[in-house]
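Asker: Quick one: the structure is below, and I'll ask about it shortly.
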Amino acid sequence: MIPLEHYLYLSGILFTLGLCGVMMRRNVILVLMSVEIMLNAANIALVAFSKYLSAGAAESVQLDGQVFVFFTIAVAAAEAAVALVIAMALFRRLDTVNVDDVANLRW
Amino acid sequence: MTPELLTQIAALKPEIYLTLGIVLTVIADLVFGVRGRNLVAVLGLAAVGMALWCLADPAGSHPERVFGMLTFDGYARFFRALIISATGIVILHAVVFRGMENVSRNEFVPMLLGTALGGSLLVSTDNLVMLLLSLELLSLNSYLLAGWQRKERRSSEAALKYLVYGALASAIMIFGFSLLYGISGSLSLPVIGAGVSAAWSGGVLGTTQLVVIVATALVLVGFGFKIAAFPFHFWAPDVYEGAPTPVTTFLAVASKAAGFGVLIRFLDAVFLGEALNAEWLPRLGHVIAVISAVTMTYGNVTAVLQRNVKRMLAYSSIAHAGYLLMGVAVMTSGLDADIGLDATLFYLATYYVATLGAFGCVMALSNRFGAEDLDDYRGLGWSAPFTGAMFVLFLVSLTGLPPTAGFAGKVMLFMASLDSGLYWLAVVGAINAVVSLFYYFKIARAMYLRGDSKFIAGIPDRGVMVFFARASILALGVATVYYGLAFDGLKTWVESALL
């Protein structure tokens, strides 16, 4: 069996990559894809924890984490739908999906 | 159905009415289209009214645990009452708001009710799954509402900024949830609290403790975003300025209240439920105290520089998040949690009244004169005597001067932080109150002391809904003064909401 740490390393790496993507990408669609990567990092951690918490305890299988993942996926899908609607509305006005061009409001 | 299940469902009545309101308003919109505009608003208001009626029913006041995920105690009742009643007033404002005349207002009402539903579930839950779902219900609806004037560039831009920051914050928060689950093996907040305190029992700073610190920080990013606390406030000024004014009102009042509701419940269940290592809890309290001081200072100082009134009030609402965090810091400082909680909830109630009223006045002035900049406000106090006077009253309450409710709220907060030994925080708060006087007074001065208005008469508002919107502003004004003079009533109500 692959040790828990390996899953957590993978999850941590994905989370960091996603965070870097959000910081560095200027295209709204790519920013949102990076956010999805961060969500999937959390999903991997949740499933890994769920599996390892229930290992060796046959009578109390820990499914909470896996159930949570399903809800996270559903939420991510809803978020993507809302995000695309808003990006569309803005694209029609500005002809751009670059976050640097979306800077009409400034202090 | 078992009787137990029936009583559980009875506790859900306000949420059921809100859901019913969503369904009925969607149907009314489908059947009547644009002609059913007032009908949709009335249905929405009726749903809100019924939900509030159920909340006010004393029979439903005893704590009820529903489906093992929601706890309908006095605390939840307090926040649900704030969120749902704010929604009602926002519906009234949205119906009369001129800026939304050329976009459909019919879908606006069900979406707003959905946001209220999310908020009221959010403050009642102690399970991470429910917390995530209700938070996203609140957030996703808010993103769309912020971009409601889709022909206006500012509004779409506000929606996009809100969405990008919001999605990032919730992704970070969910990663924090996964770590909390790994520590405790549960998604229920009290069990997570037990797991966290077990992790600290060694008293040394090892890997597990580091994971707890990281997880808590990640989760607090998500909540900090919702309440617009420094350094997660970037979205707030842009979104508040760009969003339609009724939506801004909702974000400043209901969304912030929901954020505080869940933040306090989270801290209470995870860190105060089980006796955490007495050495560590005050450190969390200190971190929150520092965030509180920075948030209020940043909000107030930056507000002074603003020319747009909505943006100024946005920074002011960041500053008020700082004041509210002051109470949360007292709560987690490890001495007496109730003093801090009491002060926070009381301040939230006074902030609720004054902010709803202030944004209502902003909307009334922008309806009539199209004014949003400070320069446009010149002389408006004389052109619109009622709105002008009310606006000044709400600004006085936001500053925290007697005889308004804001004064009582600030006094309670400062007393609480003095009682718990956070002297420096009380001093910072007092200095901030002086700074805030400066920019609130700038609005009042523009309205009364800077010569005549460049608008002759503006476009007068007429109609039944306008009357009710004005009546709601008057009621909020009366409440501001009444609770400033006789705050015992409000205090009793707040004390019934202690966790």
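Going by the structure tokens order, chains are called A, B, ..., each with residues numbered from 1, while ligands are numbered from 1 in the order shown.
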What are the closest atom pairs, with distances in Å to one decimal, for all residues of chain A lying within 7 Å of chain B? Consider only C-alpha atoms, order rows by chain and residue number, and present the result as JSON lines.
Answerer:
```
{"residue": "A:Val35", "atom": "CA", "partner": "B:Leu168", "partner_atom": "CA", "distance": 6.0}
{"residue": "A:Met38", "atom": "CA", "partner": "B:Ala171", "partner_atom": "CA", "distance": 6.0}
{"residue": "A:Leu39", "atom": "CA", "partner": "B:Ala171", "partner_atom": "CA", "distance": 5.3}
{"residue": "A:Ala42", "atom": "CA", "partner": "B:Phe175", "partner_atom": "CA", "distance": 4.6}
{"residue": "A:Ala45", "atom": "CA", "partner": "B:Ser178", "partner_atom": "CA", "distance": 6.1}
{"residue": "A:Leu46", "atom": "CA", "partner": "B:Ser178", "partner_atom": "CA", "distance": 5.2}
{"residue": "A:Phe49", "atom": "CA", "partner": "B:Gly182", "partner_atom": "CA", "distance": 5.4}
{"residue": "A:Leu53", "atom": "CA", "partner": "B:Gly185", "partner_atom": "CA", "distance": 6.6}
{"residue": "A:Asp64", "atom": "CA", "partner": "B:Leu187", "partner_atom": "CA", "distance": 6.8}
{"residue": "A:Phe68", "atom": "CA", "partner": "B:Val129", "partner_atom": "CA", "distance": 6.0}
{"residue": "A:Glu79", "atom": "CA", "partner": "B:Leu140", "partner_atom": "CA", "distance": 6.7}
{"residue": "A:Val82", "atom": "CA", "partner": "B:Leu140", "partner_atom": "CA", "distance": 6.9}
{"residue": "A:Ala83", "atom": "CA", "partner": "B:Leu163", "partner_atom": "CA", "distance": 6.8}
{"residue": "A:Ile86", "atom": "CA", "partner": "B:Leu160", "partner_atom": "CA", "distance": 6.2}
{"residue": "A:Ala87", "atom": "CA", "partner": "B:Leu160", "partner_atom": "CA", "distance": 6.8}
{"residue": "A:Ala89", "atom": "CA", "partner": "B:Arg150", "partner_atom": "CA", "distance": 6.5}
{"residue": "A:Leu90", "atom": "CA", "partner": "B:Ser156", "partner_atom": "CA", "distance": 5.6}
{"residue": "A:Arg93", "atom": "CA", "partner": "B:Arg153", "partner_atom": "CA", "distance": 6.5}
{"residue": "A:Val102", "atom": "CA", "partner": "B:Glu157", "partner_atom": "CA", "distance": 6.4}
{"residue": "A:Leu105", "atom": "CA", "partner": "B:Asp238", "partner_atom": "CA", "distance": 5.8}
```
Asker: Which residues come within 9 Å of region 314-324 of chain B, counting only C-alpha atoms, excluding same-chain residues fewer than 2 positions away, as a short mmCIF file (atom, residue, chain, number, x, y, z; two decimals) with all heavy atoms, in the first residue's frame?
Answerer:
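Result written to part-v8.cif:
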```cif
data_model
loop_
_atom_site.label_atom_id
_atom_site.label_comp_id
_atom_site.auth_asym_id
_atom_site.auth_seq_id
_atom_site.Cartn_x
_atom_site.Cartn_y
_atom_site.Cartn_z
N ILE B 227 -16.03 38.18 5.51
CA ILE B 227 -16.27 39.36 6.33
C ILE B 227 -15.42 40.54 5.88
O ILE B 227 -15.49 41.60 6.48
CB ILE B 227 -16.00 39.07 7.82
CG1 ILE B 227 -14.54 38.68 8.04
CG2 ILE B 227 -16.91 37.99 8.33
CD1 ILE B 227 -14.20 38.53 9.50
N ALA B 228 -14.59 40.35 4.84
CA ALA B 228 -13.72 41.41 4.30
C ALA B 228 -12.78 41.96 5.37
O ALA B 228 -12.71 43.15 5.61
CB ALA B 228 -14.55 42.55 3.69
N ALA B 229 -12.05 41.04 6.02
CA ALA B 229 -11.04 41.47 6.99
C ALA B 229 -9.70 41.58 6.28
O ALA B 229 -9.42 40.84 5.34
CB ALA B 229 -10.95 40.46 8.13
N PHE B 230 -8.85 42.52 6.71
CA PHE B 230 -7.51 42.62 6.18
C PHE B 230 -6.80 41.32 6.46
O PHE B 230 -6.94 40.77 7.54
CB PHE B 230 -6.79 43.79 6.89
CG PHE B 230 -5.48 44.15 6.31
CD1 PHE B 230 -5.40 45.07 5.28
CD2 PHE B 230 -4.32 43.56 6.77
CE1 PHE B 230 -4.19 45.40 4.73
CE2 PHE B 230 -3.10 43.89 6.22
CZ PHE B 230 -3.04 44.82 5.20
N HIS B 233 -9.43 41.69 1.98
CA HIS B 233 -10.47 42.68 1.76
C HIS B 233 -10.45 43.22 0.34
O HIS B 233 -11.29 44.01 -0.01
CB HIS B 233 -10.22 43.85 2.70
CG HIS B 233 -8.92 44.49 2.37
ND1 HIS B 233 -7.73 44.02 2.84
CD2 HIS B 233 -8.63 45.51 1.53
CE1 HIS B 233 -6.76 44.74 2.32
NE2 HIS B 233 -7.26 45.65 1.52
N ALA B 236 -13.55 43.96 -1.66
CA ALA B 236 -14.69 44.69 -1.12
C ALA B 236 -14.92 46.06 -1.77
O ALA B 236 -16.03 46.32 -2.24
CB ALA B 236 -14.56 44.81 0.39
N PRO B 237 -13.92 46.95 -1.84
CA PRO B 237 -14.21 48.28 -2.41
C PRO B 237 -14.70 48.20 -3.85
O PRO B 237 -15.69 48.85 -4.19
CB PRO B 237 -12.85 48.98 -2.33
CG PRO B 237 -12.08 48.24 -1.33
CD PRO B 237 -12.55 46.84 -1.38
N ASP B 238 -14.03 47.40 -4.68
CA ASP B 238 -14.43 47.30 -6.08
C ASP B 238 -15.83 46.74 -6.22
O ASP B 238 -16.65 47.24 -6.99
CB ASP B 238 -13.46 46.39 -6.83
CG ASP B 238 -12.11 47.03 -7.02
OD1 ASP B 238 -12.00 48.23 -6.69
OD2 ASP B 238 -11.18 46.36 -7.46
N VAL B 239 -16.12 45.67 -5.47
CA VAL B 239 -17.42 45.03 -5.60
C VAL B 239 -18.51 45.94 -5.05
O VAL B 239 -19.57 46.09 -5.67
CB VAL B 239 -17.42 43.67 -4.88
CG1 VAL B 239 -18.80 43.07 -4.88
CG2 VAL B 239 -16.45 42.73 -5.54
N TYR B 240 -18.26 46.58 -3.91
CA TYR B 240 -19.28 47.45 -3.33
C TYR B 240 -19.58 48.61 -4.26
O TYR B 240 -20.71 49.05 -4.37
CB TYR B 240 -18.81 48.00 -1.97
CG TYR B 240 -18.94 47.03 -0.83
CD1 TYR B 240 -18.80 45.68 -1.01
CD2 TYR B 240 -19.20 47.48 0.45
CE1 TYR B 240 -18.89 44.80 0.04
CE2 TYR B 240 -19.31 46.60 1.52
CZ TYR B 240 -19.15 45.27 1.31
OH TYR B 240 -19.25 44.40 2.36
N GLU B 241 -18.53 49.13 -4.93
CA GLU B 241 -18.77 50.27 -5.81
C GLU B 241 -19.48 49.84 -7.09
O GLU B 241 -20.39 50.52 -7.56
CB GLU B 241 -17.44 50.96 -6.16
CG GLU B 241 -17.65 52.23 -6.96
CD GLU B 241 -16.36 52.84 -7.45
OE1 GLU B 241 -15.30 52.47 -6.92
OE2 GLU B 241 -16.42 53.67 -8.36
N THR B 248 -25.09 45.82 -2.93
CA THR B 248 -24.06 46.30 -2.01
C THR B 248 -24.58 46.27 -0.59
O THR B 248 -23.89 45.84 0.34
CB THR B 248 -23.66 47.73 -2.38
OG1 THR B 248 -23.33 47.76 -3.75
CG2 THR B 248 -22.48 48.17 -1.58
N ALA B 252 -22.94 44.15 2.42
CA ALA B 252 -22.39 44.83 3.60
C ALA B 252 -23.08 44.38 4.87
O ALA B 252 -22.47 44.41 5.94
CB ALA B 252 -22.54 46.35 3.45
N VAL B 253 -24.32 43.97 4.78
CA VAL B 253 -25.06 43.63 6.00
C VAL B 253 -25.21 42.12 6.15
O VAL B 253 -24.63 41.51 7.04
CB VAL B 253 -26.44 44.31 6.00
CG1 VAL B 253 -27.19 43.92 7.25
CG2 VAL B 253 -26.28 45.80 5.92
N LYS B 256 -22.01 39.84 5.44
CA LYS B 256 -21.03 40.01 6.51
C LYS B 256 -21.52 39.36 7.81
O LYS B 256 -20.76 38.71 8.51
CB LYS B 256 -20.77 41.50 6.74
CG LYS B 256 -19.48 41.77 7.48
CD LYS B 256 -19.25 43.25 7.65
CE LYS B 256 -18.74 43.93 6.42
NZ LYS B 256 -17.28 44.02 6.40
N PHE B 260 -19.64 36.43 9.93
CA PHE B 260 -19.33 36.46 11.36
C PHE B 260 -20.02 35.32 12.09
O PHE B 260 -19.45 34.74 13.01
CB PHE B 260 -19.70 37.81 11.96
CG PHE B 260 -18.56 38.78 11.91
CD1 PHE B 260 -18.51 39.74 10.94
CD2 PHE B 260 -17.54 38.70 12.82
CE1 PHE B 260 -17.45 40.62 10.87
CE2 PHE B 260 -16.47 39.56 12.77
CZ PHE B 260 -16.42 40.53 11.79
N ALA B 289 -6.67 39.75 17.42
CA ALA B 289 -6.63 41.16 17.86
C ALA B 289 -5.79 41.99 16.90
O ALA B 289 -6.16 43.11 16.54
CB ALA B 289 -6.06 41.24 19.28
N ILE B 291 -5.18 41.31 13.69
CA ILE B 291 -5.94 41.44 12.44
C ILE B 291 -7.01 42.50 12.61
O ILE B 291 -7.23 43.35 11.72
CB ILE B 291 -6.58 40.08 12.06
CG1 ILE B 291 -5.50 39.07 11.70
CG2 ILE B 291 -7.53 40.25 10.88
CD1 ILE B 291 -6.03 37.71 11.38
N SER B 292 -7.67 42.49 13.77
CA SER B 292 -8.72 43.46 14.04
C SER B 292 -8.18 44.88 13.98
O SER B 292 -8.73 45.76 13.30
CB SER B 292 -9.33 43.17 15.41
OG SER B 292 -9.82 44.32 16.00
N ALA B 293 -7.05 45.12 14.66
CA ALA B 293 -6.48 46.48 14.69
C ALA B 293 -6.09 46.93 13.29
O ALA B 293 -6.39 48.05 12.87
CB ALA B 293 -5.27 46.50 15.62
N VAL B 294 -5.42 46.03 12.53
CA VAL B 294 -4.97 46.41 11.19
C VAL B 294 -6.18 46.66 10.29
O VAL B 294 -6.22 47.62 9.52
CB VAL B 294 -4.07 45.31 10.60
CG1 VAL B 294 -3.69 45.65 9.18
CG2 VAL B 294 -2.84 45.14 11.44
N THR B 295 -7.21 45.78 10.40
CA THR B 295 -8.38 45.92 9.54
C THR B 295 -9.06 47.26 9.77
O THR B 295 -9.37 47.99 8.83
CB THR B 295 -9.39 44.79 9.82
OG1 THR B 295 -8.74 43.55 9.64
CG2 THR B 295 -10.56 44.87 8.89
N MET B 296 -9.30 47.62 11.03
CA MET B 296 -10.04 48.87 11.25
C MET B 296 -9.21 50.09 10.88
O MET B 296 -9.72 51.04 10.31
CB MET B 296 -10.58 48.95 12.67
CG MET B 296 -9.60 49.03 13.78
SD MET B 296 -10.52 49.23 15.32
CE MET B 296 -10.18 47.73 16.17
N THR B 297 -7.89 50.03 11.15
CA THR B 297 -7.05 51.17 10.79
C THR B 297 -6.99 51.34 9.28
O THR B 297 -7.18 52.44 8.75
CB THR B 297 -5.63 50.97 11.35
OG1 THR B 297 -5.73 50.60 12.71
CG2 THR B 297 -4.83 52.22 11.23
N TYR B 298 -6.76 50.22 8.59
CA TYR B 298 -6.69 50.28 7.13
C TYR B 298 -7.99 50.81 6.55
O TYR B 298 -8.00 51.72 5.72
CB TYR B 298 -6.38 48.89 6.56
CG TYR B 298 -6.42 48.84 5.07
CD1 TYR B 298 -5.31 49.21 4.33
CD2 TYR B 298 -7.57 48.45 4.39
CE1 TYR B 298 -5.35 49.20 2.96
CE2 TYR B 298 -7.61 48.44 3.02
CZ TYR B 298 -6.50 48.81 2.31
OH TYR B 298 -6.54 48.80 0.95
N GLY B 299 -9.12 50.24 7.00
CA GLY B 299 -10.41 50.65 6.46
C GLY B 299 -10.67 52.13 6.68
O GLY B 299 -11.03 52.85 5.75
N ASN B 300 -10.43 52.60 7.88
CA ASN B 300 -10.74 54.00 8.19
C ASN B 300 -9.82 54.96 7.48
O ASN B 300 -10.26 55.98 6.93
CB ASN B 300 -10.66 54.23 9.70
CG ASN B 300 -11.94 53.80 10.40
OD1 ASN B 300 -13.00 53.90 9.82
ND2 ASN B 300 -11.82 53.31 11.61
N VAL B 301 -8.50 54.66 7.46
CA VAL B 301 -7.56 55.59 6.86
C VAL B 301 -7.81 55.68 5.35
O VAL B 301 -7.79 56.77 4.77
CB VAL B 301 -6.11 55.16 7.17
CG1 VAL B 301 -5.14 55.97 6.35
CG2 VAL B 301 -5.84 55.33 8.65
N THR B 302 -8.07 54.51 4.72
CA THR B 302 -8.28 54.54 3.28
C THR B 302 -9.61 55.20 2.93
O THR B 302 -9.73 55.84 1.88
CB THR B 302 -8.23 53.12 2.70
OG1 THR B 302 -7.21 52.41 3.37
CG2 THR B 302 -7.93 53.15 1.22
N ALA B 303 -10.60 55.06 3.80
CA ALA B 303 -11.90 55.67 3.52
C ALA B 303 -11.79 57.19 3.42
O ALA B 303 -12.51 57.82 2.65
CB ALA B 303 -12.89 55.29 4.61
N VAL B 304 -10.86 57.77 4.17
CA VAL B 304 -10.70 59.23 4.15
C VAL B 304 -10.37 59.71 2.75
O VAL B 304 -10.78 60.80 2.34
CB VAL B 304 -9.60 59.63 5.16
CG1 VAL B 304 -9.31 61.11 5.06
CG2 VAL B 304 -10.03 59.28 6.57
N GLN B 306 -11.38 58.58 -0.15
CA GLN B 306 -12.31 58.25 -1.22
C GLN B 306 -13.16 59.44 -1.65
O GLN B 306 -13.49 60.30 -0.87
CB GLN B 306 -13.22 57.10 -0.79
CG GLN B 306 -12.49 55.87 -0.39
CD GLN B 306 -11.54 55.40 -1.45
OE1 GLN B 306 -11.85 55.40 -2.62
NE2 GLN B 306 -10.34 55.01 -1.03
N VAL B 309 -19.06 57.83 -2.75
CA VAL B 309 -19.65 57.57 -1.44
C VAL B 309 -19.81 56.07 -1.19
O VAL B 309 -19.56 55.58 -0.09
CB VAL B 309 -21.01 58.29 -1.31
CG1 VAL B 309 -21.70 57.89 -0.03
CG2 VAL B 309 -20.79 59.78 -1.33
N LYS B 310 -20.20 55.31 -2.24
CA LYS B 310 -20.34 53.87 -2.05
C LYS B 310 -19.01 53.23 -1.68
O LYS B 310 -18.92 52.34 -0.84
CB LYS B 310 -20.87 53.22 -3.34
CG LYS B 310 -22.38 53.05 -3.36
CD LYS B 310 -22.85 52.73 -4.73
CE LYS B 310 -22.92 51.24 -4.98
NZ LYS B 310 -23.37 50.95 -6.36
N ARG B 311 -17.95 53.72 -2.34
CA ARG B 311 -16.63 53.17 -2.06
C ARG B 311 -16.18 53.55 -0.65
O ARG B 311 -15.56 52.75 0.06
CB ARG B 311 -15.65 53.74 -3.09
CG ARG B 311 -14.48 52.84 -3.36
CD ARG B 311 -13.68 53.38 -4.52
NE ARG B 311 -12.46 52.61 -4.67
CZ ARG B 311 -12.41 51.41 -5.25
NH1 ARG B 311 -13.50 50.87 -5.73
NH2 ARG B 311 -11.28 50.77 -5.35
N MET B 312 -16.52 54.77 -0.25
CA MET B 312 -16.19 55.21 1.10
C MET B 312 -16.88 54.32 2.12
O MET B 312 -16.27 53.86 3.10
CB MET B 312 -16.63 56.66 1.26
CG MET B 312 -16.15 57.31 2.52
SD MET B 312 -16.81 58.97 2.64
CE MET B 312 -15.55 59.93 1.87
N MET B 326 -12.74 42.78 17.01
CA MET B 326 -12.30 43.13 18.36
C MET B 326 -13.04 42.27 19.38
O MET B 326 -12.43 41.71 20.30
CB MET B 326 -12.65 44.60 18.56
CG MET B 326 -11.89 45.34 19.57
SD MET B 326 -12.28 47.08 19.24
CE MET B 326 -12.08 47.71 20.86
N GLY B 327 -14.36 42.16 19.22
CA GLY B 327 -15.15 41.31 20.11
C GLY B 327 -14.75 39.85 19.99
O GLY B 327 -14.69 39.13 20.99
N VAL B 328 -14.47 39.42 18.75
CA VAL B 328 -14.07 38.02 18.56
C VAL B 328 -12.73 37.76 19.25
O VAL B 328 -12.51 36.71 19.84
CB VAL B 328 -13.99 37.69 17.05
CG1 VAL B 328 -13.55 36.26 16.84
CG2 VAL B 328 -15.33 37.91 16.39
N ALA B 329 -11.83 38.76 19.18
CA ALA B 329 -10.53 38.61 19.85
C ALA B 329 -10.72 38.46 21.35
O ALA B 329 -10.07 37.64 21.99
CB ALA B 329 -9.64 39.82 19.54
N ALA B 343 -20.64 41.48 23.21
CA ALA B 343 -20.31 42.77 22.59
C ALA B 343 -20.35 42.67 21.07
O ALA B 343 -20.84 43.58 20.40
CB ALA B 343 -18.93 43.22 23.06
N THR B 344 -19.83 41.55 20.52
CA THR B 344 -19.82 41.40 19.06
C THR B 344 -21.23 41.41 18.50
O THR B 344 -21.53 42.11 17.54
CB THR B 344 -19.14 40.08 18.67
OG1 THR B 344 -17.94 39.96 19.38
CG2 THR B 344 -18.86 40.04 17.19
N LEU B 345 -22.11 40.61 19.13
CA LEU B 345 -23.47 40.51 18.60
C LEU B 345 -24.20 41.83 18.73
O LEU B 345 -24.91 42.25 17.83
CB LEU B 345 -24.24 39.39 19.32
CG LEU B 345 -23.68 37.98 19.16
CD1 LEU B 345 -24.64 36.96 19.73
CD2 LEU B 345 -23.37 37.65 17.73
N TYR B 347 -22.85 44.81 18.77
CA TYR B 347 -22.31 45.74 17.78
C TYR B 347 -22.84 45.40 16.40
O TYR B 347 -23.16 46.29 15.60
CB TYR B 347 -20.79 45.70 17.80
CG TYR B 347 -20.18 46.86 17.06
CD1 TYR B 347 -20.03 48.08 17.67
CD2 TYR B 347 -19.79 46.74 15.73
CE1 TYR B 347 -19.52 49.16 17.00
CE2 TYR B 347 -19.27 47.82 15.05
CZ TYR B 347 -19.13 49.02 15.70
OH TYR B 347 -18.63 50.09 15.02
N LEU B 348 -22.93 44.09 16.12
CA LEU B 348 -23.44 43.67 14.81
C LEU B 348 -24.86 44.17 14.61
O LEU B 348 -25.21 44.64 13.52
CB LEU B 348 -23.39 42.14 14.71
CG LEU B 348 -23.62 41.56 13.32
CD1 LEU B 348 -22.51 42.00 12.39
CD2 LEU B 348 -23.68 40.05 13.37
N TYR B 351 -24.67 47.87 13.91
CA TYR B 351 -24.09 48.06 12.59
C TYR B 351 -25.11 47.74 11.51
O TYR B 351 -25.23 48.44 10.50
CB TYR B 351 -22.86 47.15 12.44
CG TYR B 351 -22.34 47.00 11.04
CD1 TYR B 351 -21.55 47.97 10.47
CD2 TYR B 351 -22.66 45.88 10.27
CE1 TYR B 351 -21.08 47.84 9.18
CE2 TYR B 351 -22.20 45.75 8.98
CZ TYR B 351 -21.42 46.72 8.44
OH TYR B 351 -20.95 46.60 7.16
N THR B 355 -26.07 50.53 8.82
CA THR B 355 -25.59 50.32 7.47
C THR B 355 -26.73 50.14 6.49
O THR B 355 -26.71 50.69 5.38
CB THR B 355 -24.66 49.10 7.42
OG1 THR B 355 -23.68 49.26 8.43
CG2 THR B 355 -24.00 48.97 6.09
N LEU B 398 -22.86 55.20 12.85
CA LEU B 398 -21.69 54.45 12.40
C LEU B 398 -20.42 54.99 13.06
O LEU B 398 -19.50 54.25 13.37
CB LEU B 398 -21.55 54.53 10.87
CG LEU B 398 -22.51 53.66 10.07
CD1 LEU B 398 -22.41 53.95 8.60
CD2 LEU B 398 -22.23 52.19 10.32
N LYS B 410 -20.24 50.66 20.52
CA LYS B 410 -18.81 50.90 20.68
C LYS B 410 -18.42 50.84 22.16
O LYS B 410 -17.38 50.28 22.52
CB LYS B 410 -18.44 52.27 20.10
CG LYS B 410 -18.33 52.23 18.59
CD LYS B 410 -17.10 52.98 18.10
CE LYS B 410 -16.83 52.70 16.64
NZ LYS B 410 -17.93 52.97 15.73
N LEU B 413 -18.08 47.28 23.18
CA LEU B 413 -16.87 46.64 22.64
C LEU B 413 -15.63 47.08 23.42
O LEU B 413 -14.79 46.26 23.81
CB LEU B 413 -16.69 47.04 21.19
CG LEU B 413 -17.25 46.13 20.12
CD1 LEU B 413 -16.89 46.67 18.77
CD2 LEU B 413 -16.71 44.73 20.27
N GLY B 429 -8.98 51.20 18.86
CA GLY B 429 -10.38 51.38 18.47
C GLY B 429 -10.85 52.80 18.68
O GLY B 429 -11.53 53.38 17.82
N ASN B 432 -9.45 55.07 16.11
CA ASN B 432 -10.13 54.82 14.84
C ASN B 432 -11.50 55.49 14.79
O ASN B 432 -11.92 55.94 13.73
CB ASN B 432 -10.29 53.33 14.62
CG ASN B 432 -9.18 52.78 13.78
OD1 ASN B 432 -9.13 53.03 12.59
ND2 ASN B 432 -8.26 52.09 14.40
N SER B 436 -12.72 57.92 11.86
CA SER B 436 -13.93 57.68 11.08
C SER B 436 -14.85 58.90 11.13
O SER B 436 -15.53 59.21 10.16
CB SER B 436 -14.65 56.43 11.57
OG SER B 436 -15.27 56.68 12.80
N TYR B 440 -16.89 60.42 7.81
CA TYR B 440 -18.36 60.46 7.85
C TYR B 440 -18.83 61.91 7.83
O TYR B 440 -19.83 62.25 7.19
CB TYR B 440 -18.88 59.77 9.11
CG TYR B 440 -18.74 58.27 9.10
CD1 TYR B 440 -18.22 57.58 10.18
CD2 TYR B 440 -19.15 57.53 8.00
CE1 TYR B 440 -18.09 56.21 10.19
CE2 TYR B 440 -19.02 56.16 7.98
CZ TYR B 440 -18.48 55.50 9.08
OH TYR B 440 -18.36 54.15 9.06
#
```
Asker: Would you list the contacts of region 41-55 of chain B as a list in words, taking every protein, DNA or RNA residue within 6 Å and counting only C-alpha atoms, but skipping same-chain residues closer than 3 positions in sequence?
Answerer: Pro14, Tyr17, Leu18, Gly21, Asn38 and Gly88 of chain B
Asker: Deliver the residues from the most recent selection as a file, using N, CA, C and O atoms, as a CSV table (one decimal), in the first residue's frame.
Answerer:
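Final output, selection_30.csv:
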```csv
chain,number,residue,atom,x,y,z
B,14,PRO,N,-38.6,28.6,8.8
B,14,PRO,CA,-38.2,29.8,8.0
B,14,PRO,C,-37.5,29.4,6.7
B,14,PRO,O,-37.8,30.0,5.7
B,17,TYR,N,-40.1,28.4,4.2
B,17,TYR,CA,-40.8,29.5,3.6
B,17,TYR,C,-39.9,30.2,2.5
B,17,TYR,O,-40.4,30.6,1.5
B,18,LEU,N,-38.7,30.3,2.8
B,18,LEU,CA,-37.8,30.9,1.8
B,18,LEU,C,-37.7,30.1,0.5
B,18,LEU,O,-37.8,30.7,-0.6
B,21,GLY,N,-40.8,30.6,-1.3
B,21,GLY,CA,-40.7,31.9,-1.9
B,21,GLY,C,-40.0,31.8,-3.2
B,21,GLY,O,-40.4,32.4,-4.3
B,38,ASN,N,-44.4,43.6,-9.8
B,38,ASN,CA,-44.8,43.9,-8.4
B,38,ASN,C,-45.2,42.6,-7.6
B,38,ASN,O,-45.0,42.5,-6.5
B,88,GLY,N,-35.4,41.2,3.2
B,88,GLY,CA,-36.7,41.9,3.0
B,88,GLY,C,-36.5,43.3,2.6
B,88,GLY,O,-37.0,43.8,1.6
```
Asker: Name the residues of chain A that fall into alpha helix (DSSP H) according to DSSP on the backbone, using the chain letters and numbers of this document, as a PyMOL selection string.
Answerer: chain A and resi 4-24+28-54+64-94
Asker: So, counting only C-alpha atoms, which residue among A:Ile13, A:Leu4, A:Leu84, A:Val69 is closest to Val47 (chain A)?
Answerer: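 Ranked by minimum distance to Val47 (chain A), first place goes to A:Val69.
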Asker: For Leu210 (chain B), work out the shell of residues within 12 Å, counting only C-alpha atoms and skipping chain neighbours fewer than 3 positions away, then give it as a count of residues only.
Answerer: 15
Asker: Just to confirm, what's the straight-line distance from CA of Glu107 (chain B) to CA of Leu20 (chain B) in Å (one decimal)?
Answerer: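 Interatomic distance here is 14.6 Å.
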Asker: Quick check, in Å to one decimal: how far apart do CA of Leu94 (chain A) and CA of Arg98 (chain B) lie?
Answerer: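 For CA of Leu94 (chain A) relative to CA of Arg98 (chain B), the distance reads 24.1 Å.
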